[in-house]
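S.K.: So that you have it, the file is start.pdb, and it contains PDB, C-alpha atoms, pLDDT in the B column:
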ATOM      1  CA  MET A1214       0.000   0.000   0.000  1.00 30.00           C
ATOM      2  CA  MET A1215       1.444   3.341  -1.036  1.00 30.00           C
ATOM      3  CA  LEU A1216       0.672   6.287   1.244  1.00 31.00           C
ATOM      4  CA  CYS A1217       3.304   8.675  -0.175  1.00 30.00           C
ATOM      5  CA  LEU A1218       2.086   9.819  -3.548  1.00 28.00           C
ATOM      6  CA  LYS A1219       3.819  11.431  -6.529  1.00 27.00           C
ATOM      7  CA  SER A1220       2.841  15.036  -7.175  1.00 29.00           C
ATOM      8  CA  ASP A1221       1.975  14.405 -10.833  1.00 31.00           C
ATOM      9  CA  ASN A1222      -0.780  11.998  -9.709  1.00 30.00           C
ATOM     10  CA  TYR A1223      -2.434  14.266  -7.136  1.00 29.00           C
ATOM     11  CA  LEU A1224      -6.110  15.011  -7.113  1.00 29.00           C
ATOM     12  CA  LEU A1225      -6.859  18.060  -4.958  1.00 28.00           C
ATOM     13  CA  ARG A1226     -10.220  18.274  -3.219  1.00 32.00           C
ATOM     14  CA  GLY A1227     -11.560  20.786  -0.700  1.00 32.00           C
ATOM     15  CA  GLU A1228     -10.822  24.417  -0.071  1.00 30.00           C
ATOM     16  CA  ASN A1229      -9.260  24.867   3.366  1.00 28.00           C
ATOM     17  CA  ILE A1230      -9.165  23.704   6.945  1.00 27.00           C
ATOM     18  CA  MET A1231     -11.612  26.267   8.328  1.00 28.00           C
ATOM     19  CA  SER A1232     -14.802  24.770   9.746  1.00 34.00           C
ATOM     20  CA  SER A1233     -17.604  25.319  12.181  1.00 31.00           C
ATOM     21  CA  PHE A1234     -15.597  23.886  15.063  1.00 31.00           C
ATOM     22  CA  SER A1235     -12.530  26.103  15.015  1.00 34.00           C
ATOM     23  CA  MET A1236     -13.145  27.045  18.654  1.00 36.00           C
ATOM     24  CA  ALA A1237     -12.809  23.367  19.582  1.00 38.00           C
ATOM     25  CA  ALA A1238      -9.370  23.398  18.014  1.00 37.00           C
ATOM     26  CA  ALA A1239      -8.332  26.272  20.236  1.00 36.00           C
ATOM     27  CA  ARG A1240      -9.377  24.402  23.380  1.00 40.00           C
ATOM     28  CA  ALA A1241      -8.054  20.933  22.543  1.00 42.00           C
ATOM     29  CA  SER A1242      -5.228  19.550  24.621  1.00 39.00           C
ATOM     30  CA  ARG A1243      -1.884  18.385  23.231  1.00 36.00           C
ATOM     31  CA  ARG A1244      -2.504  14.716  23.888  1.00 40.00           C
ATOM     32  CA  SER A1245      -5.672  14.749  21.831  1.00 45.00           C
ATOM     33  CA  PHE A1246      -4.085  16.485  18.861  1.00 41.00           C
ATOM     34  CA  GLY A1247      -4.427  13.341  16.769  1.00 46.00           C
ATOM     35  CA  ALA A1248      -8.164  13.055  17.297  1.00 45.00           C
ATOM     36  CA  LEU A1249      -8.636  16.760  16.647  1.00 43.00           C
ATOM     37  CA  CYS A1250      -6.629  16.484  13.442  1.00 43.00           C
ATOM     38  CA  LEU A1251      -8.959  13.659  12.426  1.00 47.00           C
ATOM     39  CA  ALA A1252     -11.912  15.974  12.959  1.00 47.00           C
ATOM     40  CA  VAL A1253     -10.271  18.809  11.023  1.00 41.00           C
ATOM     41  CA  SER A1254      -9.323  16.446   8.239  1.00 44.00           C
ATOM     42  CA  LEU A1255     -12.818  15.029   7.976  1.00 45.00           C
ATOM     43  CA  ALA A1256     -14.466  18.446   8.147  1.00 46.00           C
ATOM     44  CA  GLY A1257     -13.248  19.562   4.804  1.00 45.00           C
ATOM     45  CA  PHE A1258      -9.492  19.565   4.333  1.00 42.00           C
ATOM     46  CA  TYR A1259      -8.428  16.874   1.950  1.00 41.00           C
ATOM     47  CA  PRO A1260      -4.743  16.692   1.233  1.00 43.00           C
ATOM     48  CA  PRO A1261      -3.752  15.680  -2.284  1.00 41.00           C
ATOM     49  CA  VAL A1262      -4.507  12.051  -2.995  1.00 43.00           C
ATOM     50  CA  ARG A1263      -3.704   9.798  -5.895  1.00 45.00           C
ATOM     51  CA  ALA A1264      -6.497   9.596  -8.446  1.00 44.00           C
ATOM     52  CA  GLN A1265      -7.739   6.051  -8.961  1.00 48.00           C
ATOM     53  CA  GLU A1266      -8.976   5.261 -12.443  1.00 45.00           C
ATOM     54  CA  LYS A1267     -10.404   1.751 -12.013  1.00 51.00           C
ATOM     55  CA  PRO A1268     -11.512  -0.374  -9.056  1.00 52.00           C
ATOM     56  CA  SER A1269      -8.973  -2.956  -7.946  1.00 51.00           C
ATOM     57  CA  LYS A1270      -9.216  -6.428  -9.502  1.00 56.00           C
ATOM     58  CA  GLN A1271      -7.323  -8.137  -6.680  1.00 57.00           C
ATOM     59  CA  ALA A1272      -7.876 -11.709  -5.586  1.00 61.00           C
ATOM     60  CA  PRO A1273     -10.164 -12.022  -2.501  1.00 62.00           C
ATOM     61  CA  GLN A1274      -7.318 -12.977  -0.112  1.00 68.00           C
ATOM     62  CA  GLU A1275      -5.093 -10.169  -1.375  1.00 74.00           C
ATOM     63  CA  ASN A1276      -8.001  -7.698  -1.102  1.00 84.00           C
ATOM     64  CA  THR A1277      -8.645  -8.828   2.494  1.00 86.00           C
ATOM     65  CA  MET A1278      -5.024  -8.147   3.433  1.00 91.00           C
ATOM     66  CA  VAL A1279      -5.085  -4.734   1.736  1.00 94.00           C
ATOM     67  CA  ASN A1280      -8.297  -3.834   3.612  1.00 96.00           C
ATOM     68  CA  ILE A1281      -6.706  -4.797   6.939  1.00 97.00           C
ATOM     69  CA  GLU A1282      -3.711  -2.587   6.134  1.00 96.00           C
ATOM     70  CA  ILE A1283      -6.035   0.318   5.293  1.00 97.00           C
ATOM     71  CA  ALA A1284      -7.882  -0.176   8.595  1.00 97.00           C
ATOM     72  CA  LYS A1285      -4.569  -0.229  10.492  1.00 97.00           C
ATOM     73  CA  ALA A1286      -3.478   2.947   8.728  1.00 96.00           C
ATOM     74  CA  TYR A1287      -6.821   4.585   9.650  1.00 94.00           C
ATOM     75  CA  ILE A1288      -6.464   3.771  13.363  1.00 95.00           C
ATOM     76  CA  LYS A1289      -2.817   4.849  13.484  1.00 94.00           C
ATOM     77  CA  ALA A1290      -3.607   8.085  11.649  1.00 87.00           C
ATOM     78  CA  ALA A1291      -6.515   8.821  14.009  1.00 87.00           C
ATOM     79  CA  GLN A1292      -4.231   8.252  17.013  1.00 88.00           C
ATOM     80  CA  THR A1293      -1.385  10.409  15.669  1.00 83.00           C
ATOM     81  CA  GLY A1294      -3.243  13.115  13.748  1.00 76.00           C
ATOM     82  CA  ASP A1295      -1.862  12.118  10.353  1.00 80.00           C
ATOM     83  CA  GLN A1296      -4.176  14.234   8.195  1.00 72.00           C
ATOM     84  CA  ALA A1297      -2.581  13.216   4.912  1.00 81.00           C
ATOM     85  CA  THR A1298      -3.299   9.536   5.529  1.00 85.00           C
ATOM     86  CA  LEU A1299      -6.824  10.203   6.801  1.00 80.00           C
ATOM     87  CA  GLY A1300      -7.610  12.360   3.807  1.00 80.00           C
ATOM     88  CA  SER A1301      -6.315   9.714   1.436  1.00 88.00           C
ATOM     89  CA  ILE A1302      -8.254   6.742   2.871  1.00 92.00           C
ATOM     90  CA  ILE A1303     -11.610   8.152   4.016  1.00 92.00           C
ATOM     91  CA  SER A1304     -14.155   8.698   1.264  1.00 96.00           C
ATOM     92  CA  PRO A1305     -15.711  12.176   1.061  1.00 96.00           C
ATOM     93  CA  ASP A1306     -19.053  10.322   0.875  1.00 97.00           C
ATOM     94  CA  VAL A1307     -18.428   8.258   4.027  1.00 97.00           C
ATOM     95  CA  ILE A1308     -21.477   7.055   5.976  1.00 98.00           C
ATOM     96  CA  TRP A1309     -20.813   7.181   9.746  1.00 96.00           C
ATOM     97  CA  HIS A1310     -23.129   5.344  12.181  1.00 98.00           C
ATOM     98  CA  GLN A1311     -22.713   6.784  15.690  1.00 97.00           C
ATOM     99  CA  PRO A1312     -24.392   4.472  18.218  1.00 97.00           C
ATOM    100  CA  GLY A1313     -26.610   5.117  21.197  1.00 97.00           C
ATOM    101  CA  ASN A1314     -29.024   7.749  22.366  1.00 97.00           C
ATOM    102  CA  ASN A1315     -26.918  10.862  22.832  1.00 97.00           C
ATOM    103  CA  GLN A1316     -26.358  14.175  21.077  1.00 97.00           C
ATOM    104  CA  PHE A1317     -24.073  12.543  18.477  1.00 97.00           C
ATOM    105  CA  SER A1318     -26.104   9.379  17.784  1.00 97.00           C
ATOM    106  CA  GLY A1319     -27.406   8.648  14.335  1.00 97.00           C
ATOM    107  CA  THR A1320     -26.262   8.229  10.762  1.00 98.00           C
ATOM    108  CA  HIS A1321     -24.061  11.026   9.435  1.00 97.00           C
ATOM    109  CA  LYS A1322     -23.526  11.177   5.677  1.00 97.00           C
ATOM    110  CA  GLY A1323     -20.470  12.736   4.086  1.00 94.00           C
ATOM    111  CA  ILE A1324     -17.428  14.524   5.396  1.00 85.00           C
ATOM    112  CA  ALA A1325     -19.420  17.748   5.726  1.00 88.00           C
ATOM    113  CA  ALA A1326     -21.527  16.090   8.465  1.00 93.00           C
ATOM    114  CA  VAL A1327     -18.942  13.785  10.043  1.00 89.00           C
ATOM    115  CA  GLY A1328     -16.166  16.372  10.499  1.00 83.00           C
ATOM    116  CA  PRO A1329     -18.168  18.879  12.565  1.00 88.00           C
ATOM    117  CA  MET A1330     -19.616  16.037  14.673  1.00 90.00           C
ATOM    118  CA  LEU A1331     -16.119  14.803  15.556  1.00 84.00           C
ATOM    119  CA  GLY A1332     -15.018  18.373  16.261  1.00 85.00           C
ATOM    120  CA  LYS A1333     -17.942  18.829  18.673  1.00 93.00           C
ATOM    121  CA  MET A1334     -17.020  15.525  20.367  1.00 91.00           C
ATOM    122  CA  MET A1335     -13.538  16.896  20.976  1.00 88.00           C
ATOM    123  CA  GLU A1336     -15.048  20.108  22.342  1.00 94.00           C
ATOM    124  CA  VAL A1337     -17.387  18.253  24.725  1.00 96.00           C
ATOM    125  CA  SER A1338     -14.528  16.035  25.972  1.00 94.00           C
ATOM    126  CA  ARG A1339     -12.141  19.022  26.136  1.00 93.00           C
ATOM    127  CA  GLY A1340      -9.785  17.149  23.862  1.00 89.00           C
ATOM    128  CA  THR A1341      -9.530  14.037  26.056  1.00 91.00           C
ATOM    129  CA  PHE A1342     -11.411  11.545  23.863  1.00 91.00           C
ATOM    130  CA  THR A1343      -8.979   9.107  22.250  1.00 91.00           C
ATOM    131  CA  ILE A1344      -8.510   5.560  20.979  1.00 94.00           C
ATOM    132  CA  ASN A1345      -6.048   4.051  23.468  1.00 94.00           C
ATOM    133  CA  LYS A1346      -5.396   0.835  21.607  1.00 96.00           C
ATOM    134  CA  ALA A1347      -6.534  -1.345  18.749  1.00 97.00           C
ATOM    135  CA  ASP A1348      -5.820  -5.032  19.282  1.00 94.00           C
ATOM    136  CA  HIS A1349      -7.354  -7.158  16.549  1.00 97.00           C
ATOM    137  CA  PHE A1350      -8.146  -6.501  12.899  1.00 98.00           C
ATOM    138  CA  MET A1351     -10.450  -9.058  11.247  1.00 97.00           C
ATOM    139  CA  ALA A1352     -11.661  -8.866   7.645  1.00 96.00           C
ATOM    140  CA  ASN A1353     -14.620 -10.397   5.852  1.00 95.00           C
ATOM    141  CA  GLY A1354     -14.836  -9.137   2.282  1.00 92.00           C
ATOM    142  CA  ASP A1355     -15.127  -5.337   2.268  1.00 95.00           C
ATOM    143  CA  TRP A1356     -15.646  -5.158   6.049  1.00 97.00           C
ATOM    144  CA  VAL A1357     -12.906  -4.942   8.697  1.00 98.00           C
ATOM    145  CA  ALA A1358     -13.721  -5.257  12.415  1.00 98.00           C
ATOM    146  CA  ILE A1359     -11.290  -3.619  14.839  1.00 98.00           C
ATOM    147  CA  THR A1360     -11.353  -4.259  18.579  1.00 98.00           C
ATOM    148  CA  ILE A1361     -10.449  -1.041  20.367  1.00 98.00           C
ATOM    149  CA  GLU A1362     -10.320   0.633  23.749  1.00 97.00           C
ATOM    150  CA  PHE A1363     -11.318   4.280  23.991  1.00 96.00           C
ATOM    151  CA  SER A1364     -11.365   6.792  26.815  1.00 95.00           C
ATOM    152  CA  GLY A1365     -12.013  10.392  27.752  1.00 95.00           C
ATOM    153  CA  GLU A1366     -13.607  12.749  30.253  1.00 96.00           C
ATOM    154  CA  ALA A1367     -16.864  14.657  29.748  1.00 95.00           C
ATOM    155  CA  ASN A1368     -19.855  15.759  31.777  1.00 90.00           C
ATOM    156  CA  GLY A1369     -18.118  14.728  35.011  1.00 93.00           C
ATOM    157  CA  ILE A1370     -17.655  11.150  33.772  1.00 95.00           C
ATOM    158  CA  LYS A1371     -14.371   9.351  33.174  1.00 96.00           C
ATOM    159  CA  LEU A1372     -14.957   6.852  30.402  1.00 96.00           C
ATOM    160  CA  ARG A1373     -12.724   3.895  29.513  1.00 97.00           C
ATOM    161  CA  GLN A1374     -14.222   0.943  27.710  1.00 97.00           C
ATOM    162  CA  PRO A1375     -13.731  -1.568  24.929  1.00 98.00           C
ATOM    163  CA  GLY A1376     -15.549  -1.304  21.661  1.00 97.00           C
ATOM    164  CA  VAL A1377     -15.523  -2.356  18.032  1.00 98.00           C
ATOM    165  CA  ASP A1378     -15.059  -0.162  14.984  1.00 97.00           C
ATOM    166  CA  LEU A1379     -16.419  -1.771  11.835  1.00 98.00           C
ATOM    167  CA  VAL A1380     -15.259  -0.160   8.596  1.00 98.00           C
ATOM    168  CA  ARG A1381     -16.290  -0.929   5.022  1.00 98.00           C
ATOM    169  CA  ILE A1382     -13.638  -0.377   2.387  1.00 97.00           C
ATOM    170  CA  GLU A1383     -14.204  -0.055  -1.349  1.00 95.00           C
ATOM    171  CA  THR A1384     -11.479   0.669  -3.918  1.00 94.00           C
ATOM    172  CA  GLY A1385      -9.027   1.615  -1.190  1.00 94.00           C
ATOM    173  CA  LYS A1386     -11.323   4.078   0.659  1.00 96.00           C
ATOM    174  CA  ILE A1387     -13.272   3.793   3.898  1.00 97.00           C
ATOM    175  CA  VAL A1388     -16.860   4.331   2.763  1.00 98.00           C
ATOM    176  CA  GLU A1389     -18.747   3.338   5.922  1.00 98.00           C
ATOM    177  CA  VAL A1390     -18.049   3.271   9.661  1.00 97.00           C
ATOM    178  CA  ARG A1391     -20.154   1.531  12.343  1.00 98.00           C
ATOM    179  CA  LEU A1392     -19.170   1.897  15.996  1.00 97.00           C
ATOM    180  CA  PHE A1393     -20.063  -0.392  18.905  1.00 97.00           C
ATOM    181  CA  SER A1394     -19.569   0.305  22.618  1.00 96.00           C
ATOM    182  CA  SER A1395     -19.414  -2.279  25.379  1.00 97.00           C
ATOM    183  CA  ASN A1396     -21.545  -0.086  27.668  1.00 97.00           C
ATOM    184  CA  GLN A1397     -23.755   2.155  25.551  1.00 97.00           C
ATOM    185  CA  ASP A1398     -25.648   3.620  28.518  1.00 96.00           C
ATOM    186  CA  GLU A1399     -22.359   4.804  30.032  1.00 96.00           C
ATOM    187  CA  GLU A1400     -21.249   6.299  26.723  1.00 96.00           C
ATOM    188  CA  ASP A1401     -24.618   8.045  26.310  1.00 97.00           C
ATOM    189  CA  ALA A1402     -24.227   9.652  29.753  1.00 96.00           C
ATOM    190  CA  PHE A1403     -20.655  10.608  28.829  1.00 97.00           C
ATOM    191  CA  TRP A1404     -21.723  12.498  25.678  1.00 96.00           C
ATOM    192  CA  GLY A1405     -25.010  13.858  27.055  1.00 95.00           C
ATOM    193  CA  LYS A1406     -28.243  14.613  25.236  1.00 91.00           C
TER
END
Starting from the coordinates I provided, produce the structure as structure tokens.

M.R.:
Amino acid sequence: MMLCLKSDNYLLRGENIMSSFSMAAARASRRSFGALCLAVSLAGFYPPVRAQEKPSKQAPQENTMVNIEIAKAYIKAAQTGDQATLGSIISPDVIWHQPGNNQFSGTHKGIAAVGPMLGKMMEVSRGTFTINKADHFMANGDWVAITIEFSGEANGIKLRQPGVDLVRIETGKIVEVRLFSSNQDEEDAFWGK
């Protein structure tokens, strides 16, 4: 998988990094810089990415391994704030399913909806929300399941729990994300209504 791309193959999308959650950026802590960069990246800044002309015709096993590598790159980029990688592997038309019954719950379609939601999550958690670890990556066709542990502080609650991120990958891009929490009631209280 090639994450460093040649300039003659770049496809530039988006205008700039400015978004509706710029105040969240000002208040975010250093240790959550990676998650905030994810939010900024998803809100509208897309670094140059290599244009893909045709969908991959890889064998199923090879495609499964590529999808696992893309999922690993996604988690690492989210943890470290690698905007270039995030912008190159998340589809601008991503469908994001946020679980539960809280202010962020529901299906969010496209970067224009997902980015501001993630920025607001960082604001509510004062920059503390993070993925602590990702242990197992399991693929079945276009889907990759990732066991994670996430944590943060919000609304007087310290949250630390396991979960699963399920990502669907098509032609090298994450096109859908479904999140699962081990204690949804606790996460709902954490995020608030």

S.K.: On this structure, which residues satisfy the PyMOL selection byres ((chain A and resi 1287) around 12), written as a PyMOL selection string?

M.R.: chain A and resi 1216+1247-1248+1251+1280-1286+1288-1304+1344+1347+1350+1357+1359+1378-1382+1385-1387+1390

S.K.: Applying the PyMOL selection byres ((chain A and resi 1353) around 10) to the file I just gave you, which residues come out? Please list them as a PyMOL selection string.

M.R.: chain A and resi 1273-1274+1276-1277+1280-1281+1351-1352+1354-1358+1381

S.K.: For atom CA of Ala1325 of chain A and atom CA of Lys1371 of chain A, quote the distance in Å rounded to one decimal.

M.R.: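 A separation of 29.1 Å between them.
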
S.K.: Tell me, in Å to one decimal, how far atom CA of Phe1363 of chain A is from atom CA of Pro1375 of chain A.

M.R.: 6.4 Å

S.K.: For Gly1405 of chain A, please output as a ChimeraX atom specification all residues within 7 Å (counting all atoms listed in the file; exclusion window: fewer than 2 positions along the same chain).

M.R.: /A:1315-1316,1401-1403

S.K.: For Asn1396 of chain A, which residue among A:Glu1383, A:Gly1332, A:Thr1341, A:Glu1362 is the nearest when counting all atoms listed in the file?

M.R.: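 Of A:Glu1383, A:Gly1332, A:Thr1341, A:Glu1362, the one nearest Asn1396 of chain A is A:Glu1362, counting all atoms listed in the file.
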
S.K.: Quick one, how far is atom CA of Gly1313 of chain A from atom CA of Gly1376 of chain A?

M.R.: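 Going from atom CA of Gly1313 of chain A over to atom CA of Gly1376 of chain A, I get 12.8 Å.
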
S.K.: Rank A:Asp1348, A:Glu1399, A:Asp1306, A:Glu1389 by their smallest atom-to-atom distance to Glu1366 of chain A, using all atoms listed in the file, and report the top residue only.

M.R.: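 Smallest distance to Glu1366 of chain A is found for A:Glu1399.
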
S.K.: Fewer than 2 positions away in the same chain doesn't count, so skip those; otherwise give me all residues within 7 Å of Gly1323 of chain A, counting all atoms listed in the file, as a VMD selection string.

M.R.: chain A and resid 1305 to 1308 1321 1325 to 1327

S.K.: Report the residues retrieved by the PyMOL selection byres ((chain A and resi 1393) around 6) from the displayed file, expressed as a PyMOL selection string.

M.R.: chain A and resi 1376-1377+1392+1394

S.K.: Would you compute the box with edges along x, y and z of the file around segment 1381-1397 of chain A, including every atom the file lists for it and 6 Å extra on each side, and give its centre and edge lengths in Å to one decimal, as JSON?

M.R.:
{"center_x": -16.4, "center_y": 1.0, "center_z": 11.9, "size_x": 26.7, "size_y": 18.6, "size_z": 43.6}

S.K.: Counting all atoms listed in the file, select every polymer residue within 8 Å of (-27.1, 4.7, 21.8) as defined in the file's coordinates, and provide the selection as a PyMOL selection string.

M.R.: chain A and resi 1311-1315+1318+1397-1398+1400-1401
